[in-house]
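What follows is the content of protein.cif (mmCIF, C-alpha atoms and all ligand atoms).
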```cif
data_model
loop_
_atom_site.group_PDB
_atom_site.id
_atom_site.type_symbol
_atom_site.label_atom_id
_atom_site.label_comp_id
_atom_site.auth_asym_id
_atom_site.auth_seq_id
_atom_site.Cartn_x
_atom_site.Cartn_y
_atom_site.Cartn_z
ATOM 1 C CA MET N 1 167.959 2.139 40.184
ATOM 2 C CA THR N 2 170.086 0.137 42.590
ATOM 3 C CA ASP N 3 173.025 2.461 41.984
ATOM 4 C CA SER N 4 171.111 5.577 42.957
ATOM 5 C CA ILE N 5 170.086 3.951 46.236
ATOM 6 C CA THR N 6 173.538 2.769 47.250
ATOM 7 C CA THR N 7 175.205 6.117 46.539
ATOM 8 C CA ARG N 8 172.934 7.770 49.066
ATOM 9 C CA VAL N 9 174.591 5.853 51.895
ATOM 10 C CA SER N 10 177.971 7.345 52.685
ATOM 11 C CA PRO N 11 180.393 4.731 54.055
ATOM 12 C CA ALA N 12 182.313 7.514 55.815
ATOM 13 C CA GLU N 13 179.384 8.317 58.074
ATOM 14 C CA PRO N 14 179.051 5.819 60.929
ATOM 15 C CA GLU N 15 175.583 4.529 61.586
ATOM 16 C CA ARG N 16 174.095 4.452 65.051
ATOM 17 C CA GLY N 17 174.921 0.770 65.441
ATOM 18 C CA ASP N 18 178.621 1.376 64.844
ATOM 19 C CA LEU N 19 178.995 3.462 67.973
ATOM 20 C CA ALA N 20 176.381 1.607 70.032
ATOM 21 C CA ARG N 21 178.943 -1.160 70.511
ATOM 22 C CA PHE N 22 180.716 1.286 72.843
ATOM 23 C CA ARG N 23 177.649 1.635 75.069
ATOM 24 C CA ASP N 24 179.565 0.309 78.084
ATOM 25 C CA LYS N 25 182.167 3.052 77.823
ATOM 26 C CA LYS N 26 181.914 5.800 80.422
ATOM 27 C CA ILE N 27 181.769 9.275 78.936
ATOM 28 C CA LEU N 28 181.928 12.546 80.811
ATOM 29 C CA VAL N 29 180.748 15.817 79.271
ATOM 30 C CA ALA N 30 182.333 18.885 80.892
ATOM 31 C CA GLU N 31 180.625 22.040 79.699
ATOM 32 C CA ASP N 32 179.331 25.100 81.560
ATOM 33 C CA ASN N 33 176.821 26.115 78.890
ATOM 34 C CA LYS N 34 173.600 24.145 79.433
ATOM 35 C CA ILE N 35 172.486 24.358 75.793
ATOM 36 C CA ASN N 36 175.841 23.103 74.534
ATOM 37 C CA SER N 37 176.014 20.262 77.031
ATOM 38 C CA GLN N 38 172.463 19.150 76.238
ATOM 39 C CA LEU N 39 173.259 19.238 72.532
ATOM 40 C CA ILE N 40 176.287 17.007 73.066
ATOM 41 C CA GLN N 41 174.348 14.635 75.314
ATOM 42 C CA LEU N 42 171.562 14.344 72.738
ATOM 43 C CA GLN N 43 174.110 13.606 70.040
ATOM 44 C CA LEU N 44 175.693 10.927 72.225
ATOM 45 C CA GLN N 45 172.236 9.448 72.919
ATOM 46 C CA SER N 46 171.553 9.338 69.193
ATOM 47 C CA PHE N 47 174.632 7.084 68.920
ATOM 48 C CA GLY N 48 173.281 4.902 71.730
ATOM 49 C CA LEU N 49 175.778 6.286 74.265
ATOM 50 C CA ASP N 50 175.058 7.550 77.770
ATOM 51 C CA SER N 51 177.094 10.252 79.462
ATOM 52 C CA ASP N 52 177.452 12.105 82.739
ATOM 53 C CA MET N 53 177.631 15.863 82.857
ATOM 54 C CA VAL N 54 179.630 18.343 84.928
ATOM 55 C CA ASN N 55 179.849 22.135 84.772
ATOM 56 C CA ASP N 56 183.475 23.046 85.411
ATOM 57 C CA GLY N 57 187.018 21.780 85.841
ATOM 58 C CA LEU N 58 186.773 21.218 89.577
ATOM 59 C CA GLU N 59 183.751 19.000 89.030
ATOM 60 C CA VAL N 60 185.742 17.078 86.422
ATOM 61 C CA LEU N 61 188.490 16.363 88.950
ATOM 62 C CA SER N 62 185.981 15.138 91.501
ATOM 63 C CA ALA N 63 184.090 13.035 88.915
ATOM 64 C CA VAL N 64 187.181 11.165 87.713
ATOM 65 C CA GLU N 65 188.062 10.334 91.329
ATOM 66 C CA LYS N 66 184.636 8.799 91.956
ATOM 67 C CA LYS N 67 184.239 6.831 88.732
ATOM 68 C CA HIS N 68 186.374 5.431 85.966
ATOM 69 C CA TYR N 69 185.803 7.354 82.758
ATOM 70 C CA ASP N 70 187.024 6.221 79.369
ATOM 71 C CA LEU N 71 186.565 9.556 77.647
ATOM 72 C CA VAL N 72 186.007 13.189 78.596
ATOM 73 C CA LEU N 73 184.613 15.796 76.214
ATOM 74 C CA MET N 74 186.194 18.857 77.794
ATOM 75 C CA ASP N 75 185.085 22.407 77.162
ATOM 76 C CA TRP N 76 188.066 24.752 77.211
ATOM 77 C CA GLN N 77 186.472 27.775 78.896
ATOM 78 C CA MET N 78 184.677 26.949 82.114
ATOM 79 C CA PRO N 79 184.266 28.871 85.391
ATOM 80 C CA ARG N 80 186.373 28.034 88.484
ATOM 81 C CA MET N 81 188.759 25.807 86.524
ATOM 82 C CA SER N 82 189.321 25.685 82.761
ATOM 83 C CA GLY N 83 189.449 22.529 80.691
ATOM 84 C CA LEU N 84 193.166 23.056 80.150
ATOM 85 C CA GLU N 85 193.932 23.245 83.860
ATOM 86 C CA ALA N 86 191.691 20.284 84.669
ATOM 87 C CA THR N 87 193.499 18.253 82.022
ATOM 88 C CA ARG N 88 196.917 19.184 83.409
ATOM 89 C CA LYS N 89 195.824 18.131 86.895
ATOM 90 C CA ILE N 90 194.413 14.823 85.653
ATOM 91 C CA ARG N 91 197.645 14.061 83.795
ATOM 92 C CA GLU N 92 199.764 15.060 86.830
ATOM 93 C CA GLN N 93 197.884 12.663 89.082
ATOM 94 C CA GLY N 94 198.736 9.024 88.781
ATOM 95 C CA GLY N 95 196.168 6.522 87.675
ATOM 96 C CA HIS N 96 194.274 8.549 85.078
ATOM 97 C CA GLN N 97 196.670 8.417 82.171
ATOM 98 C CA ASP N 98 194.354 6.184 80.149
ATOM 99 C CA ILE N 99 191.445 8.649 80.096
ATOM 100 C CA VAL N 100 190.958 10.028 76.614
ATOM 101 C CA ILE N 101 190.410 13.787 76.797
ATOM 102 C CA ILE N 102 188.974 15.572 73.788
ATOM 103 C CA ALA N 103 188.928 19.363 73.900
ATOM 104 C CA VAL N 104 185.773 21.113 72.775
ATOM 105 C CA THR N 105 186.798 24.547 71.611
ATOM 106 C CA ALA N 106 185.169 27.442 69.764
ATOM 107 C CA ASN N 107 188.435 28.600 68.229
ATOM 108 C CA ALA N 108 190.377 25.639 66.910
ATOM 109 C CA MET N 109 193.287 27.667 65.639
ATOM 110 C CA SER N 110 196.673 26.030 65.567
ATOM 111 C CA GLY N 111 197.965 27.798 68.686
ATOM 112 C CA ASP N 112 194.932 26.664 70.638
ATOM 113 C CA VAL N 113 195.269 23.121 69.387
ATOM 114 C CA ASP N 114 198.912 23.117 70.467
ATOM 115 C CA ALA N 115 197.892 24.341 73.930
ATOM 116 C CA CYS N 116 195.333 21.528 74.225
ATOM 117 C CA LEU N 117 197.838 18.868 73.241
ATOM 118 C CA GLU N 118 200.545 20.323 75.499
ATOM 119 C CA ALA N 119 198.118 20.237 78.432
ATOM 120 C CA GLY N 120 197.684 16.504 77.819
ATOM 121 C CA MET N 121 194.542 16.350 75.739
ATOM 122 C CA ASN N 122 194.427 13.657 73.090
ATOM 123 C CA ASP N 123 192.408 15.474 70.447
ATOM 124 C CA TYR N 124 190.039 18.375 69.890
ATOM 125 C CA ILE N 125 186.679 19.036 68.318
ATOM 126 C CA SER N 126 185.337 22.398 67.234
ATOM 127 C CA LYS N 127 182.257 24.118 68.610
ATOM 128 C CA PRO N 128 179.399 23.960 67.869
ATOM 129 C CA VAL N 129 179.897 20.205 67.866
ATOM 130 C CA LYS N 130 178.805 18.611 64.630
ATOM 131 C CA ARG N 131 177.325 15.128 64.810
ATOM 132 C CA ASP N 132 179.512 13.751 62.030
ATOM 133 C CA GLU N 133 182.718 15.084 63.527
ATOM 134 C CA LEU N 134 181.763 13.782 66.964
ATOM 135 C CA SER N 135 181.013 10.323 65.616
ATOM 136 C CA ILE N 136 184.375 10.162 63.852
ATOM 137 C CA LYS N 137 186.288 11.186 67.003
ATOM 138 C CA LEU N 138 184.345 8.711 69.156
ATOM 139 C CA ALA N 139 184.926 5.867 66.711
ATOM 140 C CA LYS N 140 188.641 6.674 66.753
ATOM 141 C CA TRP N 141 189.127 7.081 70.502
ATOM 142 C CA LEU N 142 186.693 4.572 72.002
ATOM 143 C CA ALA N 143 188.036 1.728 69.859
HETATM 144 MN MN MN N 201 182.435 27.172 78.333
#
```
How would this structure read if it were set down as structure tokens?
Amino acid sequence: MTDSITTRVSPAEPERGDLARFRDKKILVAEDNKINSQLIQLQLQSFGLDSDMVNDGLEVLSAVEKKHYDLVLMDWQMPRMSGLEATRKIREQGGHQDIVIIAVTANAMSGDVDACLEAGMNDYISKPVKRDELSIKLAKWLA
């Protein structure tokens, strides 16, 4: 009986406590779709992580000037300024090179991934964001 219990727990799936140790990290969610941004924020909360939210690339630029962020979850397509352009501007400016930027994109085809990385993003995650995938990326990049 012990075997059947232990096999139910997948070691590959981080538990809440694993990511809660990063609770002091500052996370910014940049997403113009309210449903998507709330979904991501709820997922982050379920890991014990707080986050701030902005709606477009211009708001990202202003947010990173006001506060030090460790990680940005950056939607690609946003009004006024896209995630790609916001990333380029952040990387052009001095002083923000250490911010981890993870693209959130609906079409994670290889050309799009290349564009994200060329713009200066560190990684990407596909939309809709899955909890497991998010937890793996956070564990990798917040460490
Ligand atoms: Mn969008």
Matched chain/residue IDs from the PyMOL selection byres (((not hetatm)) within 6 of (chain N and resi 201)), as a ChimeraX atom specification = /N:31-33,75,77-78
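The residue that comes closest to Cys116 of chain N, out of N:Leu84, N:Ala143, N:Val64, N:Leu49 and on the basis of only C-alpha atoms, is N:Leu84.
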Grab the atom CA of Lys140 of chain N to atom CA of Lys25 of chain N distance for me, in Å with one decimal place.
->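 Computed distance, atom CA of Lys140 of chain N to atom CA of Lys25 of chain N, equals 13.3 Å.
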Run through the PyMOL selection byres (((chain N and resi 97) around 12) and not hetatm) on the given coordinates and return the selected residues as a VMD selection string.
-> chain N and resid 64 68 to 71 87 to 96 98 to 101 120 to 122
Residues selected by the PyMOL selection byres (((chain N and resi 43) around 12) and not hetatm), written as a PyMOL selection string = chain N and resi 16+19+29+36-42+44-51+128-135+138
Mind dumping the selected residues with C-alpha atoms as a PDB file, in the coordinates of the input?
```pdb
ATOM      1  CA  ARG N  16     174.095   4.452  65.051  1.00  0.00           C
ATOM      2  CA  LEU N  19     178.995   3.462  67.973  1.00  0.00           C
ATOM      3  CA  VAL N  29     180.748  15.817  79.271  1.00  0.00           C
ATOM      4  CA  ASN N  36     175.841  23.103  74.534  1.00  0.00           C
ATOM      5  CA  SER N  37     176.014  20.262  77.031  1.00  0.00           C
ATOM      6  CA  GLN N  38     172.463  19.150  76.238  1.00  0.00           C
ATOM      7  CA  LEU N  39     173.259  19.238  72.532  1.00  0.00           C
ATOM      8  CA  ILE N  40     176.287  17.007  73.066  1.00  0.00           C
ATOM      9  CA  GLN N  41     174.348  14.635  75.314  1.00  0.00           C
ATOM     10  CA  LEU N  42     171.562  14.344  72.738  1.00  0.00           C
ATOM     11  CA  LEU N  44     175.693  10.927  72.225  1.00  0.00           C
ATOM     12  CA  GLN N  45     172.236   9.448  72.919  1.00  0.00           C
ATOM     13  CA  SER N  46     171.553   9.338  69.193  1.00  0.00           C
ATOM     14  CA  PHE N  47     174.632   7.084  68.920  1.00  0.00           C
ATOM     15  CA  GLY N  48     173.281   4.902  71.730  1.00  0.00           C
ATOM     16  CA  LEU N  49     175.778   6.286  74.265  1.00  0.00           C
ATOM     17  CA  ASP N  50     175.058   7.550  77.770  1.00  0.00           C
ATOM     18  CA  SER N  51     177.094  10.252  79.462  1.00  0.00           C
ATOM     19  CA  PRO N 128     179.399  23.960  67.869  1.00  0.00           C
ATOM     20  CA  VAL N 129     179.897  20.205  67.866  1.00  0.00           C
ATOM     21  CA  LYS N 130     178.805  18.611  64.630  1.00  0.00           C
ATOM     22  CA  ARG N 131     177.325  15.128  64.810  1.00  0.00           C
ATOM     23  CA  ASP N 132     179.512  13.751  62.030  1.00  0.00           C
ATOM     24  CA  GLU N 133     182.718  15.084  63.527  1.00  0.00           C
ATOM     25  CA  LEU N 134     181.763  13.782  66.964  1.00  0.00           C
ATOM     26  CA  SER N 135     181.013  10.323  65.616  1.00  0.00           C
ATOM     27  CA  LEU N 138     184.345   8.711  69.156  1.00  0.00           C
TER      28      LEU N 138
END
```
N:Leu142, N:Asn107, N:Phe22, N:Leu28: which is nearest Lys67 of chain N, counting only C-alpha atoms?
->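 Looking only at the distances to Lys67 of chain N, the closest residue turns out to be N:Leu28.
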